[in-house]
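Enquirer: File upload.cif below, mmCIF, C-alpha atoms and all ligand atoms:
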data_query
loop_
_atom_site.label_atom_id
_atom_site.label_comp_id
_atom_site.auth_asym_id
_atom_site.auth_seq_id
_atom_site.Cartn_x
_atom_site.Cartn_y
_atom_site.Cartn_z
CA MET A 1 -67.44 10.66 -74.14
CA HIS A 2 -65.19 8.07 -72.50
CA LEU A 3 -65.65 7.18 -68.81
CA LEU A 4 -63.04 5.28 -66.83
CA LEU A 5 -65.03 3.77 -63.97
CA VAL A 6 -63.27 2.66 -60.79
CA ALA A 7 -64.57 -0.09 -58.50
CA GLY A 8 -62.54 -1.49 -55.62
CA ALA A 9 -64.55 -2.78 -52.71
CA ARG A 10 -67.90 -4.43 -52.14
CA PRO A 11 -70.02 -1.29 -51.72
CA ASN A 12 -68.70 0.09 -55.01
CA PHE A 13 -69.98 -2.63 -57.31
CA MET A 14 -73.70 -1.83 -57.04
CA LYS A 15 -72.95 1.85 -57.70
CA VAL A 16 -70.75 1.28 -60.74
CA ALA A 17 -72.94 -1.35 -62.46
CA PRO A 18 -75.82 0.96 -63.43
CA ILE A 19 -73.47 3.76 -64.55
CA LEU A 20 -71.60 1.36 -66.81
CA ARG A 21 -74.87 0.16 -68.31
CA ALA A 22 -76.35 3.63 -68.73
CA ALA A 23 -73.19 5.00 -70.35
CA ARG A 24 -73.01 2.20 -72.88
CA ALA A 25 -76.75 2.39 -73.58
CA ALA A 26 -76.35 6.08 -74.40
CA GLY A 27 -73.58 5.27 -76.89
CA HIS A 28 -70.65 6.38 -74.75
CA ARG A 29 -67.48 4.46 -74.11
CA ALA A 30 -67.06 3.08 -70.59
CA THR A 31 -63.99 1.24 -69.33
CA LEU A 32 -64.06 -0.61 -66.01
CA VAL A 33 -61.14 -0.84 -63.58
CA HIS A 34 -61.27 -3.18 -60.56
CA THR A 35 -58.56 -2.27 -58.09
CA GLY A 36 -58.88 -5.63 -56.29
CA GLN A 37 -59.23 -4.01 -52.83
CA HIS A 38 -61.78 -6.75 -52.21
CA TYR A 39 -60.85 -10.06 -53.73
CA ASP A 40 -62.62 -12.92 -51.95
CA HIS A 41 -65.19 -14.56 -54.20
CA GLN A 42 -68.06 -13.55 -51.87
CA MET A 43 -66.79 -9.96 -51.54
CA SER A 44 -66.23 -9.40 -55.25
CA ALA A 45 -66.87 -11.99 -57.99
CA ALA A 46 -70.26 -12.94 -56.51
CA PHE A 47 -71.33 -9.31 -56.97
CA PHE A 48 -70.14 -9.16 -60.57
CA ALA A 49 -72.20 -12.28 -61.26
CA ASP A 50 -75.36 -11.07 -59.48
CA LEU A 51 -75.18 -7.62 -61.05
CA GLY A 52 -74.47 -8.93 -64.55
CA MET A 53 -71.27 -6.87 -64.72
CA PRO A 54 -68.77 -7.61 -67.45
CA ASP A 55 -65.20 -8.57 -66.55
CA PRO A 56 -63.21 -5.41 -65.91
CA GLU A 57 -60.89 -4.26 -68.67
CA TYR A 58 -58.25 -3.68 -66.00
CA HIS A 59 -57.73 -5.62 -62.78
CA LEU A 60 -55.12 -4.11 -60.48
CA GLY A 61 -55.10 -6.93 -57.90
CA VAL A 62 -53.96 -4.77 -54.99
CA GLY A 63 -55.51 -6.84 -52.16
CA SER A 64 -55.41 -6.06 -48.44
CA GLY A 65 -52.82 -4.17 -46.44
CA SER A 66 -52.45 -1.21 -44.14
CA HIS A 67 -54.26 1.92 -45.32
CA ALA A 68 -50.98 3.36 -46.54
CA ALA A 69 -49.87 0.21 -48.33
CA GLN A 70 -53.26 -0.40 -49.93
CA THR A 71 -53.69 3.21 -51.04
CA ALA A 72 -50.15 3.35 -52.39
CA ARG A 73 -50.56 0.12 -54.34
CA VAL A 74 -53.78 1.38 -55.95
CA MET A 75 -52.08 4.65 -56.89
CA GLU A 76 -49.04 3.02 -58.41
CA SER A 77 -50.98 0.54 -60.46
CA PHE A 78 -53.73 2.95 -61.53
CA GLU A 79 -51.37 5.55 -62.99
CA PRO A 80 -50.35 3.57 -66.11
CA VAL A 81 -53.98 2.51 -66.63
CA LEU A 82 -55.13 6.11 -66.70
CA LEU A 83 -52.36 7.08 -69.10
CA GLU A 84 -53.18 4.20 -71.42
CA ALA A 85 -56.96 4.55 -71.33
CA GLY A 86 -57.06 8.33 -71.87
CA PRO A 87 -60.68 8.91 -70.73
CA ASP A 88 -62.60 12.20 -70.52
CA TRP A 89 -63.61 11.39 -66.94
CA VAL A 90 -62.32 9.23 -64.12
CA VAL A 91 -65.48 8.25 -62.26
CA VAL A 92 -64.96 7.24 -58.63
CA VAL A 93 -67.77 6.21 -56.30
CA GLY A 94 -68.29 6.18 -52.54
CA ASP A 95 -65.61 6.50 -49.89
CA VAL A 96 -63.24 3.52 -49.89
CA ASN A 97 -59.47 3.70 -50.14
CA SER A 98 -59.61 2.94 -53.88
CA THR A 99 -61.86 5.99 -54.38
CA LEU A 100 -59.36 8.45 -52.95
CA ALA A 101 -56.32 6.71 -54.41
CA CYS A 102 -57.59 6.94 -58.00
CA ALA A 103 -58.88 10.50 -57.56
CA LEU A 104 -55.46 11.54 -56.31
CA VAL A 105 -53.68 9.96 -59.26
CA ALA A 106 -56.09 11.57 -61.73
CA SER A 107 -55.69 14.92 -60.04
CA LYS A 108 -51.90 14.90 -60.43
CA LEU A 109 -52.21 13.97 -64.10
CA VAL A 110 -55.05 16.25 -65.12
CA GLU A 111 -52.87 18.68 -67.07
CA ARG A 112 -51.25 15.85 -68.97
CA THR A 113 -54.32 13.68 -69.64
CA GLY A 114 -57.18 16.19 -69.62
CA ALA A 115 -59.17 13.54 -67.74
CA ARG A 116 -61.29 15.14 -65.04
CA ILE A 117 -62.61 13.52 -61.87
CA ALA A 118 -66.27 12.84 -61.16
CA HIS A 119 -67.28 11.73 -57.66
CA VAL A 120 -70.51 9.79 -57.32
CA GLU A 121 -72.01 10.01 -53.80
CA ALA A 122 -70.36 13.37 -53.14
CA GLY A 123 -71.11 15.53 -50.12
CA LEU A 124 -71.89 12.92 -47.45
CA ARG A 125 -70.34 13.85 -44.10
CA SER A 126 -70.25 12.12 -40.74
CA GLY A 127 -68.09 14.85 -39.22
CA ASP A 128 -65.99 12.08 -37.65
CA TRP A 129 -62.38 12.31 -38.78
CA ARG A 130 -61.51 9.05 -37.04
CA MET A 131 -63.35 7.21 -39.81
CA PRO A 132 -61.13 6.36 -42.77
CA GLU A 133 -64.19 6.81 -45.00
CA GLU A 134 -64.66 10.43 -43.86
CA VAL A 135 -61.08 11.27 -44.82
CA ASN A 136 -61.59 9.56 -48.17
CA ARG A 137 -64.86 11.42 -48.83
CA VAL A 138 -63.69 14.89 -47.93
CA LEU A 139 -60.45 14.64 -49.88
CA THR A 140 -62.08 13.05 -52.92
CA ASP A 141 -64.68 15.82 -53.00
CA ARG A 142 -61.90 18.42 -52.77
CA LEU A 143 -60.20 16.90 -55.81
CA ALA A 144 -63.29 16.27 -57.95
CA HIS A 145 -64.28 18.49 -60.86
CA CYS A 146 -67.84 17.23 -60.83
CA LEU A 147 -69.59 16.35 -57.56
CA LEU A 148 -72.66 14.20 -58.06
CA THR A 149 -74.81 14.18 -54.93
CA PRO A 150 -77.23 11.42 -53.85
CA SER A 151 -79.52 13.50 -51.61
CA ARG A 152 -80.39 17.17 -51.16
CA ASP A 153 -78.61 17.37 -47.80
CA ALA A 154 -75.20 16.83 -49.45
CA GLU A 155 -74.89 20.15 -51.28
CA PRO A 156 -74.83 22.42 -48.17
CA ASN A 157 -71.98 20.28 -46.79
CA LEU A 158 -69.95 20.95 -49.94
CA LEU A 159 -70.76 24.65 -50.10
CA ALA A 160 -69.73 25.00 -46.44
CA GLU A 161 -66.30 23.63 -47.41
CA GLY A 162 -65.92 26.25 -50.13
CA ILE A 163 -66.64 24.03 -53.12
CA GLU A 164 -68.08 26.02 -56.02
CA ALA A 165 -71.77 25.45 -56.68
CA ALA A 166 -71.04 25.06 -60.41
CA ARG A 167 -69.22 21.79 -59.76
CA ILE A 168 -72.11 20.25 -57.82
CA GLU A 169 -75.03 18.39 -59.37
CA PHE A 170 -77.85 16.58 -57.61
CA VAL A 171 -78.47 13.25 -59.36
CA GLY A 172 -80.03 11.02 -56.70
CA ASN A 173 -78.94 7.69 -55.33
CA VAL A 174 -77.47 5.31 -57.88
CA MET A 175 -77.46 2.41 -55.45
CA ILE A 176 -81.23 2.44 -55.58
CA ASP A 177 -81.05 1.94 -59.37
CA THR A 178 -79.47 -1.42 -58.67
CA LEU A 179 -81.88 -2.23 -55.85
CA ARG A 180 -84.91 -1.62 -58.05
CA GLN A 181 -83.47 -3.54 -60.95
CA GLN A 182 -82.53 -6.55 -58.79
CA LEU A 183 -85.59 -6.74 -56.53
CA PRO A 184 -87.55 -9.27 -58.63
CA GLN A 185 -84.58 -11.67 -58.76
CA ALA A 186 -83.95 -11.13 -55.06
CA ARG A 187 -87.54 -12.01 -54.20
CA ALA A 188 -87.11 -15.30 -56.05
CA ARG A 189 -84.02 -16.33 -54.04
CA ARG A 190 -84.44 -19.38 -51.85
CA LEU A 191 -82.01 -18.48 -49.08
CA PRO A 192 -84.60 -17.07 -46.62
CA ALA A 193 -86.73 -20.22 -46.95
CA GLU A 194 -83.69 -22.48 -46.71
CA LEU A 195 -82.83 -20.79 -43.43
CA GLY A 196 -86.39 -21.43 -42.23
CA LEU A 197 -87.15 -17.70 -41.89
CA THR A 198 -90.63 -16.23 -41.77
CA ARG A 199 -91.16 -12.92 -43.51
CA GLY A 200 -91.20 -10.03 -41.05
CA ALA A 201 -90.10 -12.21 -38.12
CA TYR A 202 -86.31 -12.14 -38.12
CA VAL A 203 -83.41 -9.74 -37.76
CA VAL A 204 -80.56 -9.24 -40.21
CA THR A 205 -77.32 -7.84 -38.92
CA THR A 206 -73.98 -6.83 -40.43
CA LEU A 207 -70.91 -5.38 -38.71
CA HIS A 208 -67.56 -4.39 -40.09
CA ARG A 209 -66.64 -0.83 -39.02
CA PRO A 210 -63.31 -0.61 -37.22
CA SER A 211 -65.03 1.47 -34.48
CA ASN A 212 -67.23 -1.53 -33.71
CA VAL A 213 -65.24 -4.61 -34.56
CA ASP A 214 -61.69 -3.52 -33.67
CA ASP A 215 -62.80 -2.42 -30.20
CA PRO A 216 -63.36 -5.42 -27.87
CA GLN A 217 -65.87 -3.60 -25.65
CA SER A 218 -67.98 -2.42 -28.52
CA LEU A 219 -67.92 -5.78 -30.28
CA ARG A 220 -68.89 -7.55 -27.06
CA ALA A 221 -71.74 -5.08 -26.38
CA VAL A 222 -73.23 -5.55 -29.83
CA LEU A 223 -72.92 -9.32 -29.76
CA GLU A 224 -74.51 -9.47 -26.31
CA ALA A 225 -77.43 -7.31 -27.45
CA LEU A 226 -77.88 -9.47 -30.52
CA GLY A 227 -77.80 -12.53 -28.28
CA ARG A 228 -80.74 -11.14 -26.26
CA ILE A 229 -82.63 -10.27 -29.42
CA GLY A 230 -81.86 -13.76 -30.69
CA GLU A 231 -83.91 -15.19 -27.82
CA ARG A 232 -86.94 -13.44 -29.35
CA MET A 233 -86.39 -13.90 -33.09
CA PRO A 234 -83.76 -15.45 -35.35
CA VAL A 235 -80.72 -13.24 -36.02
CA VAL A 236 -79.18 -13.78 -39.44
CA PHE A 237 -75.58 -12.61 -39.52
CA PRO A 238 -73.47 -12.68 -42.68
CA VAL A 239 -70.01 -12.13 -41.22
CA HIS A 240 -67.47 -9.81 -42.83
CA PRO A 241 -63.95 -11.32 -42.93
CA ARG A 242 -62.60 -8.57 -40.70
CA THR A 243 -65.29 -9.21 -38.04
CA ARG A 244 -64.72 -12.95 -38.04
CA LYS A 245 -60.98 -12.47 -37.68
CA ASN A 246 -61.36 -10.03 -34.79
CA ALA A 247 -63.97 -12.10 -32.96
CA ALA A 248 -61.59 -15.06 -33.10
CA ALA A 249 -58.61 -12.99 -31.94
CA LEU A 250 -60.62 -11.58 -28.99
CA GLY A 251 -62.01 -14.98 -27.99
CA LEU A 252 -65.58 -13.87 -28.76
CA GLU A 253 -66.43 -16.74 -31.10
CA PRO A 254 -68.75 -18.41 -28.55
CA LEU A 255 -70.96 -15.29 -28.73
CA LEU A 256 -71.12 -15.61 -32.52
CA ALA A 257 -72.32 -19.19 -32.22
CA ARG A 258 -75.77 -17.93 -31.06
CA PHE A 259 -76.68 -16.59 -34.49
CA ARG A 260 -77.50 -17.93 -37.93
CA LEU A 261 -74.00 -17.23 -39.17
CA LEU A 262 -73.36 -16.99 -42.88
CA GLU A 263 -70.31 -16.25 -44.96
CA PRO A 264 -70.68 -12.84 -46.66
CA VAL A 265 -73.58 -13.26 -49.09
CA GLY A 266 -73.97 -12.00 -52.66
CA TYR A 267 -76.04 -8.98 -53.61
CA GLN A 268 -79.29 -10.79 -54.40
CA ASP A 269 -79.23 -12.96 -51.30
CA MET A 270 -78.53 -9.92 -49.13
CA LEU A 271 -81.42 -8.07 -50.71
CA ALA A 272 -83.62 -11.15 -50.29
CA LEU A 273 -82.80 -11.27 -46.57
CA THR A 274 -83.19 -7.51 -46.09
CA GLN A 275 -86.53 -7.11 -47.80
CA GLY A 276 -88.11 -9.77 -45.59
CA ALA A 277 -86.58 -8.68 -42.28
CA ALA A 278 -88.46 -7.24 -39.29
CA VAL A 279 -85.49 -5.02 -38.45
CA VAL A 280 -81.95 -4.62 -39.78
CA LEU A 281 -79.15 -3.77 -37.33
CA THR A 282 -76.03 -2.60 -39.11
CA ASP A 283 -73.03 -0.33 -39.29
CA SER A 284 -73.06 -0.35 -43.10
CA GLY A 285 -73.77 2.82 -45.07
CA GLY A 286 -75.39 1.01 -47.96
CA LEU A 287 -77.86 -0.91 -45.79
CA GLN A 288 -79.08 2.30 -44.18
CA GLU A 289 -80.09 3.46 -47.65
CA GLU A 290 -81.43 0.13 -48.87
CA THR A 291 -83.69 -0.28 -45.82
CA THR A 292 -85.07 3.22 -46.34
CA ALA A 293 -85.78 2.42 -49.99
CA LEU A 294 -87.51 -0.81 -48.96
CA GLY A 295 -89.40 0.64 -45.96
CA ILE A 296 -87.72 -1.80 -43.55
CA PRO A 297 -86.81 -0.40 -40.09
CA CYS A 298 -83.07 -0.04 -39.51
CA VAL A 299 -80.99 0.48 -36.38
CA THR A 300 -77.60 1.98 -37.16
CA LEU A 301 -74.84 0.88 -34.81
CA ARG A 302 -72.77 4.02 -35.14
CA GLU A 303 -72.18 7.25 -33.29
CA GLN A 304 -73.46 9.28 -36.24
CA THR A 305 -74.48 8.80 -39.83
CA GLU A 306 -73.31 10.55 -43.00
CA ARG A 307 -76.71 9.63 -44.45
CA PRO A 308 -79.06 11.71 -42.24
CA VAL A 309 -81.82 11.65 -44.85
CA THR A 310 -82.38 7.99 -43.92
CA VAL A 311 -83.25 9.17 -40.39
CA THR A 312 -85.16 12.37 -41.19
CA GLU A 313 -87.16 10.88 -44.07
CA GLY A 314 -86.51 7.14 -44.02
CA THR A 315 -86.72 4.21 -41.64
CA ASN A 316 -83.36 4.56 -39.92
CA ARG A 317 -82.50 5.37 -36.29
CA LEU A 318 -79.18 5.57 -34.43
CA ALA A 319 -78.63 3.34 -31.41
CA PRO A 320 -77.52 5.31 -28.32
CA TRP A 321 -73.77 5.77 -28.24
CA PRO A 322 -71.57 4.31 -26.82
CA LEU A 323 -73.23 1.05 -27.69
CA THR A 324 -74.49 -1.00 -24.75
CA PRO A 325 -76.54 -4.18 -24.74
CA ASP A 326 -79.51 -2.30 -23.19
CA GLY A 327 -79.28 0.58 -25.70
CA VAL A 328 -79.11 -1.67 -28.73
CA GLU A 329 -81.93 -3.87 -27.47
CA ALA A 330 -84.15 -0.83 -26.77
CA SER A 331 -83.50 0.52 -30.28
CA TRP A 332 -84.42 -2.83 -31.77
CA ALA A 333 -87.66 -2.87 -29.76
CA ALA A 334 -88.51 0.69 -30.87
CA ALA A 335 -87.76 -0.13 -34.50
CA LEU A 336 -89.92 -3.24 -34.31
CA THR A 337 -93.01 -1.29 -33.33
CA SER A 338 -92.39 1.51 -35.84
CA ARG A 339 -93.30 -0.53 -38.90
CA ASP A 340 -96.20 1.62 -40.01
CA GLY A 341 -94.26 4.88 -39.65
CA MET A 342 -94.46 7.79 -42.01
CA ALA A 343 -91.23 6.98 -43.80
CA ARG A 344 -90.86 8.24 -47.33
CA ILE A 345 -88.40 7.57 -50.08
CA PRO A 346 -86.01 10.50 -50.57
CA GLU A 347 -86.05 12.52 -53.77
CA GLY A 348 -84.01 11.02 -56.58
CA TRP A 349 -84.01 7.50 -55.16
CA ASP A 350 -86.09 6.47 -58.14
CA GLY A 351 -83.96 4.05 -60.13
CA ARG A 352 -82.85 6.64 -62.69
CA ALA A 353 -79.78 8.17 -61.06
CA ALA A 354 -77.32 6.51 -63.46
CA GLU A 355 -79.04 8.10 -66.46
CA ARG A 356 -78.78 11.48 -64.77
CA ILE A 357 -75.10 10.90 -63.95
CA VAL A 358 -74.28 10.06 -67.55
CA ALA A 359 -76.27 13.03 -68.83
CA ALA A 360 -74.58 15.39 -66.35
CA LEU A 361 -71.11 14.25 -67.39
CA ALA A 362 -71.93 14.35 -71.10
CA ALA A 363 -73.19 17.94 -70.70
CA ARG A 364 -69.87 18.87 -69.06
CA THR A 365 -67.71 17.18 -71.72
CA PRO A 366 -66.49 19.37 -74.56
CA ALA A 367 -67.51 17.95 -77.96
C1 LIG B 1 -63.77 -1.43 -46.85
C2 LIG B 1 -64.02 0.06 -46.86
C3 LIG B 1 -65.33 0.37 -46.15
C4 LIG B 1 -66.47 -0.45 -46.73
C5 LIG B 1 -66.07 -1.92 -46.62
C6 LIG B 1 -67.14 -2.86 -47.12
C7 LIG B 1 -62.02 1.47 -46.80
C8 LIG B 1 -61.23 2.39 -45.95
N1 LIG B 1 -62.99 0.78 -46.17
O1 LIG B 1 -63.56 -1.82 -45.49
O2 LIG B 1 -65.63 1.73 -46.32
O3 LIG B 1 -67.65 -0.20 -46.01
O4 LIG B 1 -64.88 -2.09 -47.39
O5 LIG B 1 -66.74 -4.18 -46.88
O6 LIG B 1 -61.78 1.38 -47.98
N2 LIG B 1 -60.64 -9.05 -46.37
C9 LIG B 1 -60.75 -10.32 -46.85
N3 LIG B 1 -61.21 -10.49 -48.13
C10 LIG B 1 -61.55 -9.45 -48.92
C11 LIG B 1 -61.41 -8.13 -48.44
C12 LIG B 1 -60.97 -7.95 -47.16
O7 LIG B 1 -60.45 -11.29 -46.17
O8 LIG B 1 -61.97 -9.68 -50.09
C13 LIG B 1 -60.16 -8.85 -44.99
C14 LIG B 1 -58.68 -8.61 -44.94
O9 LIG B 1 -58.20 -9.23 -43.80
C15 LIG B 1 -58.54 -7.12 -44.79
C16 LIG B 1 -59.81 -6.77 -44.01
O10 LIG B 1 -60.79 -7.70 -44.45
O11 LIG B 1 -57.38 -6.74 -44.15
C17 LIG B 1 -60.27 -5.37 -44.25
O12 LIG B 1 -60.39 -5.13 -45.67
P1 LIG B 1 -60.22 -3.64 -46.25
O13 LIG B 1 -60.43 -3.63 -47.70
O14 LIG B 1 -58.96 -3.06 -45.73
O15 LIG B 1 -61.38 -2.82 -45.55
P2 LIG B 1 -62.87 -3.21 -45.15
O16 LIG B 1 -62.91 -3.36 -43.67
O17 LIG B 1 -63.46 -4.30 -45.98
#
Please express the file's structure as structure tokens.
Expert:
Amino acid sequence: MHLLLVAGARPNFMKVAPILRAARAAGHRATLVHTGQHYDHQMSAAFFADLGMPDPEYHLGVGSGSHAAQTARVMESFEPVLLEAGPDWVVVVGDVNSTLACALVASKLVERTGARIAHVEAGLRSGDWRMPEEVNRVLTDRLAHCLLTPSRDAEPNLLAEGIEAARIEFVGNVMIDTLRQQLPQARARRLPAELGLTRGAYVVTTLHRPSNVDDPQSLRAVLEALGRIGERMPVVFPVHPRTRKNAAALGLEPLLARFRLLEPVGYQDMLALTQGAAVVLTDSGGLQEETTALGIPCVTLREQTERPVTVTEGTNRLAPWPLTPDGVEASWAAALTSRDGMARIPEGWDGRAAERIVAALAARTPA
């Protein structure tokens, strides 16, 4: 079996790494494509280094742009790669523009190449069509021949959209494979000590969703809440390039100055910070899952989550929407006192999802 694995943006790398390793360990061929949607060292190369990922066989170098321009550039440059590589499966992960772009290309060429589409992290739904990720998820799932789900709540979402049960397979959460594998190295990182942080006595925050950082009111509300929290405990804030740019454009940089600001950090440093935090406040999808896997309380700064299992079983809670300084602060306070809650780790978040993904695809590949 030959897998063509697509990675494009930061949250893809930790999902692709274990699949690449598991495929090769099982004697299959695996070829890696990096679309270049993320290209800054700290958004991309730092992750390849931390995760021990080999250089990609193909680098498309598409970079930033409008959604249309970025998606179109991925499509145009991925088409010849797919034709040349001739895999059995195009494996796309998550919900970024690169995910949909490559699935769409593969779908148009399936008769010619015979390469089918596998979507890892299928079936997550926020129900919010204003989110670019929701559009990417729903359309990618519609195109995929094999839908690999990370949690049990994903399958009903797919069935409700008319997707045949035979295409769906529950495999668990591959991101947790990486988390488990990297935890010992993360615990040895010196960044938390260098920042003078005490375990269990600081907040980690990340923000990058357009709904938060492109909207001045929302960005101001979150930064003000974090400022209040910062009077009680240190707030460590690795800043996404988009957030930094918007804060500067909106004149909100003085608010940022209240925090322990960092450039985006690599995978191991982020995990080191997260696993020692009192509470994480974030709009990231990945961090909602990682905090649940680690048993660290999380406040999600979103109107809804496509990862409800992190709320029903894990350590996550949604801040009241629309975000206000009082609402965010109250959620932080509630999360802080919930440390001994009854959270449990969802089924299939056991570090072996990549093996199950490879086995599922091999079983669906004609000899
Ligand atoms: C993308 C994903 C989002 C994911 C996020 C993680 C889509 C639709 N969104 O959002 O789901 O959670 O990645 O970060 O695919 N930039 C840099 N350097 C980089 C990358 C981006 O400076 O290496 C800046 C550019 O100004 C760019 C902006 O960040 O225009 C946004 O980047 P983009 O890839 O369009 O989306 P993200 O907001 O990162």
Enquirer: Could you list the protein, DNA and RNA residues that have any atom within 6 Å of ligand LIG 1 (chain B), counting all atoms listed in the file, and write them as number ranges by chain?
Expert: A: 9-11, 37-40, 43, 64-65, 95-97, 132-133, 208, 241-242
Enquirer: Show me the residues close to (-81.0, 0.9, -59.7) - anything with an atom within 8 Å, counting all atoms listed in the file - and format the list as a count of residues only.
Expert: 15
Enquirer: Using all atoms listed in the file, which of A:Arg244, A:Arg199, A:Arg137, A:His2 sits nearest Asp214 (chain A)?
Expert: A:Arg244
Enquirer: For Ala85 (chain A), which of A:Asn212, A:Asn173, A:Thr365, A:Thr31 is the closest residue, counting all atoms listed in the file?
Expert: A:Thr31
Enquirer: Which protein, DNA or RNA residues are at most 12 Å from (-62.9, 13.1, -68.7) in the file's coordinates when you count only C-alpha atoms, listed as a PyMOL selection string?
Expert: chain A and resi 1-5+28-31+82+85-92+106-107+109-119+144-146+358+361-367
Enquirer: Might you pull out every residue within 12 Å of Ser44 (chain A), with only C-alpha atoms counted and same-chain residues fewer than 2 positions away left off, and present them as a compact mmCIF listing (two decimals) with C-alpha atoms, in the coordinates of the input?
Expert:
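Below is the file part.txt, written as the result:
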# COMPACT_ATOMS: atom_id res chain seq x y z
CA ALA A 7 -64.57 -0.09 -58.50
CA GLY A 8 -62.54 -1.49 -55.62
CA ALA A 9 -64.55 -2.78 -52.71
CA ARG A 10 -67.90 -4.43 -52.14
CA PRO A 11 -70.02 -1.29 -51.72
CA ASN A 12 -68.70 0.09 -55.01
CA PHE A 13 -69.98 -2.63 -57.31
CA MET A 14 -73.70 -1.83 -57.04
CA HIS A 34 -61.27 -3.18 -60.56
CA THR A 35 -58.56 -2.27 -58.09
CA GLY A 36 -58.88 -5.63 -56.29
CA GLN A 37 -59.23 -4.01 -52.83
CA HIS A 38 -61.78 -6.75 -52.21
CA TYR A 39 -60.85 -10.06 -53.73
CA ASP A 40 -62.62 -12.92 -51.95
CA HIS A 41 -65.19 -14.56 -54.20
CA GLN A 42 -68.06 -13.55 -51.87
CA ALA A 46 -70.26 -12.94 -56.51
CA PHE A 47 -71.33 -9.31 -56.97
CA PHE A 48 -70.14 -9.16 -60.57
CA ALA A 49 -72.20 -12.28 -61.26
CA ASP A 50 -75.36 -11.07 -59.48
CA LEU A 51 -75.18 -7.62 -61.05
CA MET A 53 -71.27 -6.87 -64.72
CA ASP A 55 -65.20 -8.57 -66.55
CA PRO A 56 -63.21 -5.41 -65.91
CA HIS A 59 -57.73 -5.62 -62.78
CA GLY A 61 -55.10 -6.93 -57.90
CA GLY A 63 -55.51 -6.84 -52.16
CA PRO A 264 -70.68 -12.84 -46.66
CA VAL A 265 -73.58 -13.26 -49.09
CA GLY A 266 -73.97 -12.00 -52.66
CA TYR A 267 -76.04 -8.98 -53.61
Enquirer: Could you jot down the CA of Ile168 (chain A) to CA of Gly123 (chain A) separation for me, Å, one decimal place?
Expert: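 Result for CA of Ile168 (chain A) versus CA of Gly123 (chain A): 9.1 Å, one decimal.
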Enquirer: So, counting all atoms listed in the file, which residue among A:Glu253, A:Glu263, A:Glu76, A:Glu329 is closest to Arg228 (chain A)?
Expert: A:Glu329
Enquirer: Point out the residue among A:Thr149, A:Ser66, A:Thr337, A:Asn136 with the least atom-to-atom distance to Arg356 (chain A), counting all atoms listed in the file.
Expert: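 Nearest candidate to Arg356 (chain A) out of A:Thr149, A:Ser66, A:Thr337, A:Asn136: A:Thr149.
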Enquirer: How far is it from CA of Glu289 (chain A) to CA of Pro150 (chain A), in Å with one decimal?
Expert: 10.5 Å
Enquirer: Using all atoms listed in the file, find the one residue out of A:Val6, A:Val299, A:Lys108, A:Ala23 that sits nearest to Val81 (chain A).
Expert: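 The shortest atom-to-atom distance to Val81 (chain A) comes from A:Val6.
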Enquirer: Which distance in Å separates CA of Ala221 (chain A) and CA of Asp269 (chain A), to one decimal?
Expert: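 We find that CA of Ala221 (chain A) and CA of Asp269 (chain A) lie 27.2 Å from each other.
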Enquirer: Smallest atom-to-atom distance to Ile345 (chain A): which of A:Leu294, A:Leu226, A:Leu60, A:Leu318, using all atoms listed in the file?
Expert: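 Of A:Leu294, A:Leu226, A:Leu60, A:Leu318, the one nearest Ile345 (chain A) is A:Leu294, counting all atoms listed in the file.
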Enquirer: Residues near Gln268 (chain A), anyone? I mean within 8 Å using all atoms listed in the file, not counting same-chain ones fewer than 2 positions away, as a list of chain:residue names.
Expert: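 The filter keeps A:Asp50, A:Gln182, A:Leu183, A:Gln185, A:Ala186, A:Arg189, A:Gly266, A:Met270, A:Leu271, A:Ala272.
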Enquirer: Which residues are close to region 165-167 of chain A, i.e. within 9 Å by only C-alpha atoms, leaving aside same-chain residues fewer than 2 positions away? Reply as a ChimeraX atom specification.
Expert: /A:144-148,155,158-159,162-163,169
Enquirer: Residues within 6 Å of Ala277 (chain A), please, as an NGL selection string. Count only C-alpha atoms; anything in the same chain fewer than 5 positions from it doesn't count.
Expert: :A and (200 or 202-203)
